[in-house]
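Structure file target.tsv with TSV, C-alpha atoms:
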chain	number	residue	atom	x	y	z
A	299	MET	CA	88.81	120.34	96.70
A	300	ALA	CA	90.33	117.57	98.83
A	301	THR	CA	88.53	114.87	96.81
A	302	ILE	CA	89.98	116.21	93.56
A	303	ALA	CA	93.41	116.31	95.18
A	304	ILE	CA	93.26	112.71	96.45
A	305	ASP	CA	92.01	111.50	93.05
A	306	LYS	CA	94.90	113.23	91.30
A	307	LEU	CA	97.45	111.93	93.80
A	308	LEU	CA	96.22	108.32	93.54
A	309	ALA	CA	96.12	108.58	89.74
A	310	THR	CA	99.80	109.70	89.85
A	311	VAL	CA	100.71	106.70	92.06
A	312	ILE	CA	99.01	104.31	89.60
A	313	GLN	CA	100.53	105.99	86.54
A	314	LEU	CA	104.07	105.87	87.94
A	315	LYS	CA	103.54	102.36	89.39
A	316	ALA	CA	104.73	103.69	92.76
A	317	ASN	CA	104.33	101.55	95.88
A	318	ASP	CA	103.25	104.11	98.49
A	319	LEU	CA	101.91	107.62	98.89
A	320	HIS	CA	102.91	109.53	102.05
A	321	ILE	CA	100.82	112.49	103.22
A	322	THR	CA	102.15	114.61	106.09
A	323	THR	CA	102.00	118.25	107.17
A	324	GLY	CA	104.83	120.59	106.21
A	325	GLN	CA	105.94	119.07	102.91
A	326	PRO	CA	104.44	118.06	99.53
A	327	PRO	CA	103.03	114.52	99.08
A	328	VAL	CA	105.83	111.94	98.76
A	329	ILE	CA	105.79	108.65	96.82
A	330	ARG	CA	107.95	105.56	97.30
A	331	HIS	CA	109.07	104.39	93.88
A	332	HIS	CA	111.41	101.38	93.44
A	333	GLY	CA	112.32	101.66	97.11
A	334	ARG	CA	113.24	105.38	96.96
A	335	MET	CA	111.26	108.31	98.44
A	336	LYS	CA	110.45	111.12	95.96
A	337	LYS	CA	108.61	114.40	96.64
A	338	LEU	CA	105.87	115.30	94.15
A	339	GLU	CA	105.98	118.76	92.59
A	340	THR	CA	102.85	120.10	94.26
A	341	LYS	CA	102.14	122.53	97.10
A	342	VAL	CA	103.42	122.01	100.64
A	343	LEU	CA	100.54	120.52	102.66
A	344	ASP	CA	99.23	122.37	105.69
A	345	SER	CA	97.09	120.99	108.51
A	346	ASP	CA	93.80	121.77	106.72
A	347	ASP	CA	95.01	119.93	103.58
A	348	THR	CA	95.88	116.73	105.46
A	349	VAL	CA	92.56	116.77	107.40
A	350	GLY	CA	90.64	117.38	104.15
A	351	LEU	CA	92.44	114.55	102.34
A	352	MET	CA	91.84	112.20	105.28
A	353	LYS	CA	88.11	113.03	105.53
A	354	SER	CA	87.58	112.55	101.80
A	355	ILE	CA	88.41	108.84	101.97
A	356	THR	CA	88.15	107.66	105.61
A	357	PRO	CA	84.92	105.83	106.63
A	358	ASP	CA	83.09	107.21	109.69
A	359	ARG	CA	83.90	104.21	111.90
A	360	CYS	CA	87.62	104.67	111.11
A	361	GLN	CA	87.46	108.41	111.81
A	362	GLN	CA	86.00	107.49	115.19
A	363	GLU	CA	88.83	105.02	115.83
A	364	LEU	CA	91.34	107.73	114.87
A	365	GLN	CA	89.78	110.04	117.49
A	366	GLU	CA	89.83	107.32	120.17
A	367	VAL	CA	93.22	105.64	119.68
A	368	GLY	CA	95.16	107.99	117.38
A	369	GLY	CA	95.29	105.68	114.33
A	370	THR	CA	93.24	103.51	111.99
A	371	ASP	CA	93.71	101.16	108.98
A	372	PHE	CA	91.35	100.38	106.12
A	373	ALA	CA	91.35	99.63	102.38
A	374	ILE	CA	89.72	101.60	99.57
A	375	GLU	CA	89.00	100.90	95.91
A	376	PHE	CA	89.95	103.65	93.49
A	377	LEU	CA	88.71	104.23	89.93
A	378	GLY	CA	89.57	101.35	87.62
A	379	GLY	CA	89.53	98.83	90.47
A	380	THR	CA	92.98	99.60	91.96
A	381	ARG	CA	92.92	99.06	95.71
A	382	PHE	CA	94.92	100.87	98.36
A	383	ARG	CA	95.65	99.95	101.98
A	384	VAL	CA	95.45	103.12	104.06
A	385	ALA	CA	97.05	103.88	107.44
A	386	VAL	CA	95.88	107.13	109.05
A	387	PHE	CA	97.56	108.41	112.21
A	388	ARG	CA	98.19	111.45	114.36
A	389	GLN	CA	101.68	112.97	114.54
A	390	ARG	CA	102.57	116.11	116.53
A	391	GLY	CA	98.87	116.97	116.65
A	392	HIS	CA	98.46	116.76	112.85
A	393	ILE	CA	97.10	114.05	110.54
A	394	GLY	CA	99.44	111.77	108.58
A	395	MET	CA	98.53	109.10	106.00
A	396	VAL	CA	100.36	106.34	104.15
A	397	MET	CA	98.55	104.68	101.24
A	398	ARG	CA	99.98	101.48	99.76
A	399	ARG	CA	98.99	100.40	96.26
A	400	ILE	CA	97.82	96.79	96.20
A	401	PRO	CA	98.77	95.14	92.87
A	402	SER	CA	95.59	94.62	90.87
A	403	GLY	CA	96.36	91.11	89.60
A	404	PHE	CA	97.78	88.01	91.27
A	405	ILE	CA	101.43	87.28	90.63
A	406	SER	CA	102.35	83.71	89.65
A	407	PHE	CA	104.83	81.63	91.68
A	408	GLU	CA	107.22	81.70	88.72
A	409	GLN	CA	107.11	85.53	88.47
A	410	MET	CA	107.79	85.84	92.19
A	411	GLY	CA	110.57	83.25	92.24
A	412	MET	CA	108.62	81.41	94.96
A	413	PRO	CA	110.43	78.36	96.43
A	414	ASP	CA	109.28	75.03	94.91
A	415	ALA	CA	108.54	73.60	98.37
A	416	ILE	CA	105.58	76.01	98.77
A	417	LYS	CA	103.43	74.13	96.20
A	418	ARG	CA	103.87	70.92	98.18
A	419	LEU	CA	103.21	72.54	101.56
A	420	ILE	CA	100.03	74.45	100.67
A	421	THR	CA	98.34	71.28	99.41
A	422	ARG	CA	98.95	69.37	102.66
A	423	PRO	CA	95.77	68.31	104.51
A	424	ARG	CA	96.69	70.15	107.70
A	425	GLY	CA	99.37	72.24	109.40
A	426	LEU	CA	100.59	75.77	110.06
A	427	LEU	CA	102.50	77.59	107.31
A	428	LEU	CA	104.04	80.94	108.29
A	429	VAL	CA	105.11	83.74	105.97
A	430	THR	CA	107.44	86.14	107.78
A	431	GLY	CA	109.46	89.27	107.15
A	432	PRO	CA	109.56	92.98	107.94
A	433	THR	CA	106.71	95.34	107.04
A	434	GLY	CA	106.59	95.95	103.30
A	435	SER	CA	108.41	92.73	102.38
A	436	GLY	CA	105.54	91.42	100.24
A	437	LYS	CA	104.04	88.89	102.70
A	438	THR	CA	100.46	89.80	101.75
A	439	THR	CA	101.23	89.43	98.04
A	440	SER	CA	102.86	86.01	98.60
A	441	LEU	CA	99.86	84.76	100.58
A	442	ALA	CA	97.43	86.13	97.97
A	443	SER	CA	99.35	84.23	95.27
A	444	MET	CA	99.22	81.00	97.31
A	445	LEU	CA	95.46	81.35	97.81
A	446	ASN	CA	94.99	82.17	94.12
A	447	PHE	CA	96.96	79.02	93.16
A	448	ILE	CA	94.65	76.96	95.41
A	449	ASN	CA	91.59	78.73	93.99
A	450	MET	CA	92.59	77.87	90.41
A	451	ASN	CA	93.51	74.24	91.08
A	452	TYR	CA	91.62	72.82	94.10
A	453	ASP	CA	88.07	72.71	95.45
A	454	LYS	CA	88.56	74.03	98.99
A	455	HIS	CA	86.69	76.24	101.42
A	456	VAL	CA	88.96	79.15	102.30
A	457	ILE	CA	88.24	81.58	105.14
A	458	THR	CA	90.44	84.66	105.41
A	459	LEU	CA	90.69	86.92	108.46
A	460	GLU	CA	92.26	90.22	107.41
A	461	ASP	CA	92.82	93.71	108.78
A	462	PRO	CA	91.97	95.18	106.29
A	463	ILE	CA	91.01	92.97	103.30
A	464	GLU	CA	93.52	93.76	100.58
A	465	TYR	CA	93.14	91.28	97.70
A	466	PHE	CA	89.62	90.20	96.71
A	467	HIS	CA	89.32	86.53	95.70
A	468	LYS	CA	86.52	85.52	93.34
A	469	HIS	CA	85.09	82.00	93.69
A	470	GLN	CA	86.82	79.80	91.10
A	471	LYS	CA	87.33	76.13	92.01
A	472	SER	CA	87.37	77.11	95.70
A	473	THR	CA	84.79	78.91	97.82
A	474	PHE	CA	86.09	82.05	99.56
A	475	ASN	CA	84.74	83.85	102.60
A	476	GLN	CA	86.81	86.93	103.48
A	477	ARG	CA	86.19	88.52	106.90
A	478	GLU	CA	87.51	91.93	107.89
A	479	ILE	CA	88.57	92.50	111.50
A	480	GLY	CA	86.52	95.30	113.06
A	481	VAL	CA	83.83	95.04	110.37
A	482	ASP	CA	82.78	91.39	110.07
A	483	VAL	CA	84.36	90.01	113.26
A	484	PRO	CA	85.85	91.82	116.29
A	485	SER	CA	89.26	90.10	116.52
A	486	PHE	CA	91.55	87.50	114.93
A	487	LYS	CA	91.08	85.16	117.91
A	488	GLU	CA	87.28	85.33	117.64
A	489	GLY	CA	87.55	84.91	113.85
A	490	ILE	CA	89.55	81.67	114.21
A	491	ARG	CA	87.12	80.33	116.86
A	492	ARG	CA	84.14	81.01	114.58
A	493	ALA	CA	85.93	79.71	111.48
A	494	LEU	CA	86.29	76.24	113.02
A	495	ARG	CA	82.48	75.90	112.92
A	496	MET	CA	82.28	76.93	109.27
A	497	ASP	CA	83.68	73.72	107.70
A	498	PRO	CA	86.96	75.31	106.49
A	499	ASP	CA	89.81	73.61	104.66
A	500	ILE	CA	92.12	76.61	104.85
A	501	ILE	CA	92.16	79.55	107.28
A	502	LEU	CA	94.28	82.63	106.61
A	503	VAL	CA	95.16	84.61	109.73
A	504	GLY	CA	96.29	88.04	108.51
A	505	GLU	CA	98.43	88.77	111.56
A	506	MET	CA	99.41	86.61	114.52
A	507	ARG	CA	100.05	89.49	116.89
A	508	ASP	CA	99.15	88.19	120.36
A	509	LEU	CA	99.20	85.06	122.52
A	510	GLU	CA	95.49	84.26	122.04
A	511	THR	CA	95.67	84.47	118.24
A	512	ILE	CA	98.89	82.42	118.05
A	513	HIS	CA	97.45	79.74	120.35
A	514	ALA	CA	94.17	79.58	118.39
A	515	ALA	CA	96.08	79.29	115.08
A	516	ILE	CA	98.27	76.42	116.38
A	517	GLU	CA	95.21	74.57	117.72
A	518	ALA	CA	93.32	75.06	114.43
A	519	ALA	CA	96.31	73.57	112.56
A	520	GLU	CA	96.41	70.62	114.97
A	521	THR	CA	92.72	69.85	114.45
A	522	GLY	CA	92.98	69.10	110.75
A	523	HIS	CA	93.06	72.45	108.94
A	524	VAL	CA	95.69	74.25	106.93
A	525	VAL	CA	96.40	77.62	108.58
A	526	PHE	CA	98.39	80.38	106.89
A	527	GLY	CA	99.73	83.10	109.17
A	528	THR	CA	102.16	86.03	109.12
A	529	LEU	CA	104.72	87.30	111.63
A	530	HIS	CA	107.13	90.26	111.52
A	531	THR	CA	110.20	88.10	112.15
A	532	ASN	CA	113.36	87.52	110.11
A	533	GLY	CA	114.23	83.89	109.43
A	534	ALA	CA	112.90	80.54	110.56
A	535	SER	CA	114.72	80.11	113.87
A	536	SER	CA	113.75	83.58	115.16
A	537	THR	CA	110.14	82.86	114.11
A	538	VAL	CA	110.03	79.70	116.23
A	539	ASN	CA	111.62	81.54	119.17
A	540	ARG	CA	109.21	84.45	118.83
A	541	ILE	CA	106.14	82.17	118.97
A	542	ILE	CA	107.41	80.29	122.02
A	543	ASP	CA	108.53	83.47	123.83
A	544	VAL	CA	105.00	84.92	123.62
A	545	PHE	CA	103.84	82.26	126.11
A	546	PRO	CA	104.48	82.26	129.88
A	547	GLN	CA	107.48	80.18	130.99
A	548	GLU	CA	105.34	77.35	132.43
A	549	GLN	CA	103.52	76.83	129.09
A	550	GLN	CA	106.58	76.90	126.83
A	551	ASP	CA	107.38	73.15	126.90
A	552	GLN	CA	103.83	72.31	125.91
A	553	ILE	CA	103.83	74.93	123.10
A	554	ARG	CA	107.15	73.57	121.78
A	555	THR	CA	105.57	70.12	121.50
A	556	GLN	CA	102.40	71.50	119.87
A	557	LEU	CA	104.38	73.67	117.45
A	558	SER	CA	106.67	70.78	116.47
A	559	THR	CA	103.63	68.79	115.27
A	560	ALA	CA	101.54	71.69	113.88
A	561	LEU	CA	104.18	73.70	111.98
A	562	ILE	CA	104.82	72.51	108.40
A	563	GLY	CA	106.99	75.34	107.08
A	564	VAL	CA	108.29	78.91	107.40
A	565	LEU	CA	108.83	81.14	104.38
A	566	SER	CA	110.80	84.31	105.23
A	567	GLN	CA	111.17	87.07	102.68
A	568	THR	CA	112.54	90.54	102.03
A	569	LEU	CA	112.21	92.92	99.07
A	570	LEU	CA	115.24	94.54	97.42
A	571	PRO	CA	115.69	97.15	94.67
A	572	LYS	CA	116.30	95.36	91.39
A	573	LYS	CA	118.68	96.55	88.66
A	574	PRO	CA	117.93	98.72	86.66
A	575	GLU	CA	114.50	99.27	88.28
A	576	GLY	CA	111.74	97.46	90.11
A	577	MET	CA	111.80	95.20	93.17
A	578	VAL	CA	112.72	91.55	93.69
A	579	ALA	CA	112.11	89.18	96.60
A	580	ALA	CA	114.75	87.12	98.39
A	581	TYR	CA	113.53	84.11	100.37
A	582	GLU	CA	114.47	81.69	103.14
A	583	MET	CA	112.60	78.37	103.18
A	584	MET	CA	112.33	75.97	106.11
A	585	VAL	CA	110.36	72.76	105.74
A	586	VAL	CA	109.54	71.00	109.01
A	587	THR	CA	111.08	67.54	108.60
A	588	PRO	CA	111.18	65.06	111.52
A	589	ALA	CA	114.71	66.37	112.28
A	590	VAL	CA	113.54	70.00	112.43
A	591	ALA	CA	110.47	69.04	114.50
A	592	ASN	CA	112.85	67.38	116.95
A	593	LEU	CA	114.97	70.56	117.26
A	594	ILE	CA	111.82	72.61	118.01
A	595	ARG	CA	110.59	70.09	120.59
A	596	GLU	CA	113.99	69.86	122.33
A	597	ASN	CA	114.54	73.64	122.40
A	598	LYS	CA	117.53	73.49	120.03
A	599	THR	CA	116.41	76.27	117.70
A	600	TYR	CA	120.02	77.48	117.42
A	601	ARG	CA	120.61	74.42	115.21
A	602	ILE	CA	117.74	75.15	112.81
A	603	ASP	CA	119.93	77.18	110.41
A	604	SER	CA	122.36	74.28	109.90
A	605	SER	CA	119.37	71.95	109.32
A	606	ILE	CA	118.10	74.32	106.63
A	607	GLN	CA	121.57	74.43	105.08
A	608	THR	CA	121.70	70.65	104.80
A	609	GLY	CA	118.05	70.25	103.78
A	610	ARG	CA	118.38	71.18	100.13
A	611	LYS	CA	116.75	67.93	99.01
A	612	HIS	CA	113.62	69.00	100.92
A	613	GLY	CA	113.65	72.40	99.17
A	614	MET	CA	115.23	74.32	102.05
A	615	PHE	CA	117.71	77.19	101.81
A	616	LEU	CA	118.88	80.15	103.89
A	617	MET	CA	118.24	83.84	103.16
A	618	ASP	CA	121.96	84.52	102.59
A	619	GLU	CA	122.05	81.82	99.88
A	620	SER	CA	119.11	83.47	98.10
A	621	LEU	CA	120.77	86.91	98.38
A	622	PHE	CA	124.06	85.55	97.03
A	623	LYS	CA	122.25	84.16	93.95
A	624	LEU	CA	120.51	87.51	93.33
A	625	TRP	CA	123.90	89.26	93.42
A	626	ARG	CA	125.60	86.61	91.28
A	627	SER	CA	122.93	86.81	88.57
A	628	GLY	CA	123.43	90.59	88.40
A	629	THR	CA	119.88	91.26	89.64
A	630	VAL	CA	120.80	93.18	92.81
A	631	ASP	CA	123.73	95.39	93.87
A	632	LYS	CA	126.32	94.00	96.29
A	633	GLU	CA	125.61	96.77	98.86
A	634	GLU	CA	121.88	95.93	98.94
A	635	VAL	CA	122.57	92.22	99.42
A	636	LEU	CA	125.08	92.80	102.24
A	637	GLY	CA	122.64	95.20	103.91
A	638	ARG	CA	119.94	92.51	104.19
A	639	CYS	CA	121.93	89.37	104.98
A	640	ASN	CA	122.20	87.60	108.35
A	641	LYS	CA	125.96	86.97	108.29
A	642	PRO	CA	127.57	89.93	106.46
A	643	ALA	CA	131.19	88.86	107.03
A	644	GLU	CA	130.59	85.35	105.62
A	645	LEU	CA	128.60	86.58	102.63
A	646	ALA	CA	131.14	89.35	101.87
A	647	GLU	CA	133.90	86.70	101.83
A	648	LYS	CA	131.84	84.44	99.53
A	649	ILE	CA	131.21	87.37	97.15
A	650	LYS	CA	134.93	88.27	97.22
A	651	GLN	CA	135.85	84.65	96.33
A	652	ALA	CA	133.34	84.72	93.46
A	653	GLU	CA	134.65	88.08	92.21
A	654	GLU	CA	138.18	86.63	92.17
A	655	GLY	CA	136.93	83.56	90.31
A	656	ASN	CA	137.65	81.18	93.22
A	657	PHE	CA	134.07	80.06	93.80
A	658	SER	CA	131.75	77.81	91.82
A	659	GLU	CA	128.30	76.27	92.32
A	660	GLU	CA	130.01	72.89	92.73
A	661	ASP	CA	131.81	74.17	95.87
A	662	ASP	CA	128.43	74.97	97.35
A	663	ASP	CA	127.02	71.53	96.53
A	664	ILE	CA	130.06	69.68	97.92
A	665	GLU	CA	129.84	71.73	101.14
A	666	ASP	CA	126.17	70.84	101.49
A	667	ASP	CA	126.73	67.15	100.79
A	668	GLU	CA	129.44	66.95	103.45
A	669	GLU	CA	127.20	68.66	106.01
A	670	GLU	CA	124.34	66.30	105.13
A	671	GLU	CA	126.59	63.30	105.78
A	672	ASP	CA	127.60	64.75	109.16
A	673	GLU	CA	123.96	65.29	110.04
A	674	GLY	CA	123.15	61.73	108.95
A	675	GLU	CA	125.81	60.36	111.33
A	676	GLU	CA	124.33	62.47	114.16
A	677	ASP	CA	120.84	61.12	113.46
A	678	LYS	CA	122.16	57.56	113.87
A	679	ALA	CA	123.22	58.24	117.46
A	680	PRO	CA	121.56	55.80	119.92
A	681	PRO	CA	118.29	57.10	121.43
A	682	ARG	CA	118.39	58.40	124.98
A	683	ARG	CA	116.55	56.33	127.58
A	684	GLY	CA	114.95	59.03	129.73
A	685	MET	CA	112.74	61.93	128.74
A	686	LYS	CA	113.70	65.29	130.16
A	687	ARG	CA	110.81	66.90	132.04
Structure translated into C-alpha cells:
Amino acid sequence: MATIAIDKLLATVIQLKANDLHITTGQPPVIRHHGRMKKLETKVLDSDDTVGLMKSITPDRCQQELQEVGGTDFAIEFLGGTRFRVAVFRQRGHIGMVMRRIPSGFISFEQMGMPDAIKRLITRPRGLLLVTGPTGSGKTTSLASMLNFINMNYDKHVITLEDPIEYFHKHQKSTFNQREIGVDVPSFKEGIRRALRMDPDIILVGEMRDLETIHAAIEAAETGHVVFGTLHTNGASSTVNRIIDVFPQEQQDQIRTQLSTALIGVLSQTLLPKKPEGMVAAYEMMVVTPAVANLIRENKTYRIDSSIQTGRKHGMFLMDESLFKLWRSGTVDKEEVLGRCNKPAELAEKIKQAEEGNFSEEDDDIEDDEEEEDEGEEDKAPPRRGMKR
C-alpha cells in the first residue's frame, strides 16, 4: 500500500515538475511548485502512513541512523531515472520526510546565466572555488554543471565527496570517481585525505561543515589541486569571515594567509520565482585578484564588497546588481528582488530612479569607472616598511 502511494506521489512531482515533496503527519502530502507550497488532494496522513512511506524507500542503514540520531539523508532513483534527495526526520514523535527532485539532465552555463568568470576559474591548475548560498539555492546544480562542462571539454580525474550523491556523472573526456559519505568513506575530512593519494585533478567537497574539512580543503587547494566546495553563507565577504571564524583565535592569522593564496573565487547564489512561472538564479561573483588576496590577508574583509564593485573587468559583480538586472528585464517582481538583496534601501532607491526614468546603464558604468580610478590611486600608495605580527 505504502509503495503504491510513494510511487503515485513521486509520479505527481515529476509530472507537475515540482521541486519538493513534503510528507508529515496530520495533513495531506504537500509539494513545492515554483517556490509556493501546495497541498495535494489526497487523504490526511496519519502516523502509520508516514512510517509506511518512509519504510518503503529508506535503506536499512539509514533507518538505523534515524533510530540513533533522529534523522538521515540519502538519494533514490525512481522509475524513468529521475533521482530524489531524501531527508527523513523525527518531529513530535512522528516521521517526516522531504524529497527533492534532482533535475535529470545537466543545465548549461548559458541556461543558468552563470557568470563568465566561472569558465576561467574552473580550468585553473589549482585553487579553492566556493559556491555559497542558502539551502535550496541551486548550489548542487551549479556544481554539477561545472563538472559536466569539465567532463565534456577536458581530460581530468575528478573525485567527488557527496552526502548523498545527487547527480551521476558518466565518464566522457574526464574520469569520475564519486564517493558517498557514510557508504564509501566515513567523513568529508577522511575523503579529502584519501583523495590526495588518488592522483586527482579536481576534488569536489559536497559540504565544508567543520574545521577539519575546511582545513583539509584549503591544504588540498594549496598542494596543486582544484577544490570545489560549498558553504551556507550569503556573499563573498561573509564567506571569508565564516571560514576564518571556524578556527581558534591563535590560528586565524595563518588561515588568512593560507586562504589568500588558496582561494580563487566565490560564487554566491539565490533562487527567485520567475515571471510568469519557474525559477531563476541571481548571482554574486568574486574573483580573487592580488588586491582581494591582500584584503583577506590583512583582515580587511569589510572592503571586499567595494573591490567586487570595482572589479567588473575581472568579471566581478555584487548580488544586488544581479537582482536589479533581473527586475529591470521584467524577469522577477520588485518585492522578490527587495526581499533577497543585501542593501534594500539602496536598491529600492535605484529601482525608484529607474521607474522614474532617471537611471541608465551608463550611470552604472561611470560610477564603476570612478571607483576603479579611486582604487587605482589607493594601490599606488607607498608600501609600509614593517609587517604587523
re CA of Ser435 (chain A) and CA of Leu570 (chain A): distance 8.6 Å
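If you look at CA of Leu445 (chain A) and CA of Tyr465 (chain A), they are 10.2 Å away from each other.
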Which is closest to Leu441 (chain A) among A:Ile374, A:Ser472, A:Gly368, A:Gly527, if we use all atoms listed in the file?
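Smallest separation from Leu441 (chain A) among the options: A:Gly527.
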Applying 9 Å and all atoms listed in the file, which residues near Gly609 (chain A) remain after dropping the ones on its own chain fewer than 4 positions away? List them as an mmCIF file with C-alpha atoms, keeping the file's coordinate frame.
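Result file follows (selection.cif):
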data_model
loop_
_atom_site.group_PDB
_atom_site.id
_atom_site.type_symbol
_atom_site.label_atom_id
_atom_site.label_comp_id
_atom_site.auth_asym_id
_atom_site.auth_seq_id
_atom_site.Cartn_x
_atom_site.Cartn_y
_atom_site.Cartn_z
ATOM 1 C CA MET A 584 112.330 75.970 106.110
ATOM 2 C CA VAL A 585 110.360 72.760 105.740
ATOM 3 C CA THR A 587 111.080 67.540 108.600
ATOM 4 C CA SER A 604 122.360 74.280 109.900
ATOM 5 C CA SER A 605 119.370 71.950 109.320
ATOM 6 C CA GLY A 613 113.650 72.400 99.170
ATOM 7 C CA MET A 614 115.230 74.320 102.050
ATOM 8 C CA PHE A 615 117.710 77.190 101.810
ATOM 9 C CA ASP A 666 126.170 70.840 101.490
ATOM 10 C CA GLU A 670 124.340 66.300 105.130
#
**Message:** Which residues are close to Glu647 (chain A), i.e. within 12 Å by all atoms listed in the file, leaving aside same-chain residues fewer than 3 positions away? Reply as number ranges by chain.
**Reply:** A: 622, 632, 636, 641-644, 650-654, 656-657
Please report, as a Markdown table, each residue of region 606-660 of chain A lying at most 12 Å from region 591-601 of chain A, together with the nearest pair of atoms and the separation in Å rounded to one decimal; use all atoms listed in the file, and order rows by chain and ascending residue number.
| residue | atom | partner | partner_atom | distance |
| --- | --- | --- | --- | --- |
| A:Ile606 | CA | A:Arg601 | CA | 8.9 |
| A:Gln607 | CA | A:Arg601 | CA | 10.2 |
| A:Thr608 | CA | A:Arg601 | CA | 11.1 |
Tell me which of A:Ile405, A:Leu428, A:Leu529, A:Ala415 sits closest to Lys611 (chain A), counting only C-alpha atoms.
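For Lys611 (chain A), the nearest of the candidates is A:Ala415.
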Which residues, written as a list in words, have at least one atom at most 10 Å from Asp347 (chain A), with all atoms listed in the file counted and residues fewer than 3 positions away on the same chain left out? Met299, Ala300, Ala303, Ile321, Thr322, Thr323, Lys341, Val342, Leu343, Asp344, Gly350, Leu351, Met352, Lys353 and Ile393 of chain A
Smallest atom-to-atom distance to Gly378 (chain A): which of A:Ile448, A:Leu308, A:Val349, A:Leu645, using all atoms listed in the file?
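Once distances to Gly378 (chain A) are computed over all atoms listed in the file, the minimum belongs to A:Leu308.
If you measure from each of A:Cys360, A:Ile541, A:Ala515, A:Ile304 to Gly480 (chain A) using only C-alpha atoms, the closest one turns out to be A:Cys360.
With only the atoms specified (only C-alpha atoms) counting, those residues at most 10 Å away from (116.3, 79.3, 102.5) are Pro413, Gly533, Ala534, Val564, Leu565, Ser566, Gln567, Ala580, Tyr581, Glu582, Met583, Met584, Val585, Asp603, Ile606, Gln607, Gly609, Arg610, Gly613, Met614, Phe615, Leu616, Met617, Asp618, Glu619, Ser620 and Leu621 of chain A.
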Counting only C-alpha atoms, closest pick from A:Asn640, A:Ser402, A:Thr528, A:Thr511 relative to Ile312 (chain A) is A:Ser402
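Residue nearest Gly379 (chain A), chosen from A:Gly333, A:Gly628, A:Gly403, A:Pro574 and counting all atoms listed in the file: A:Gly403.
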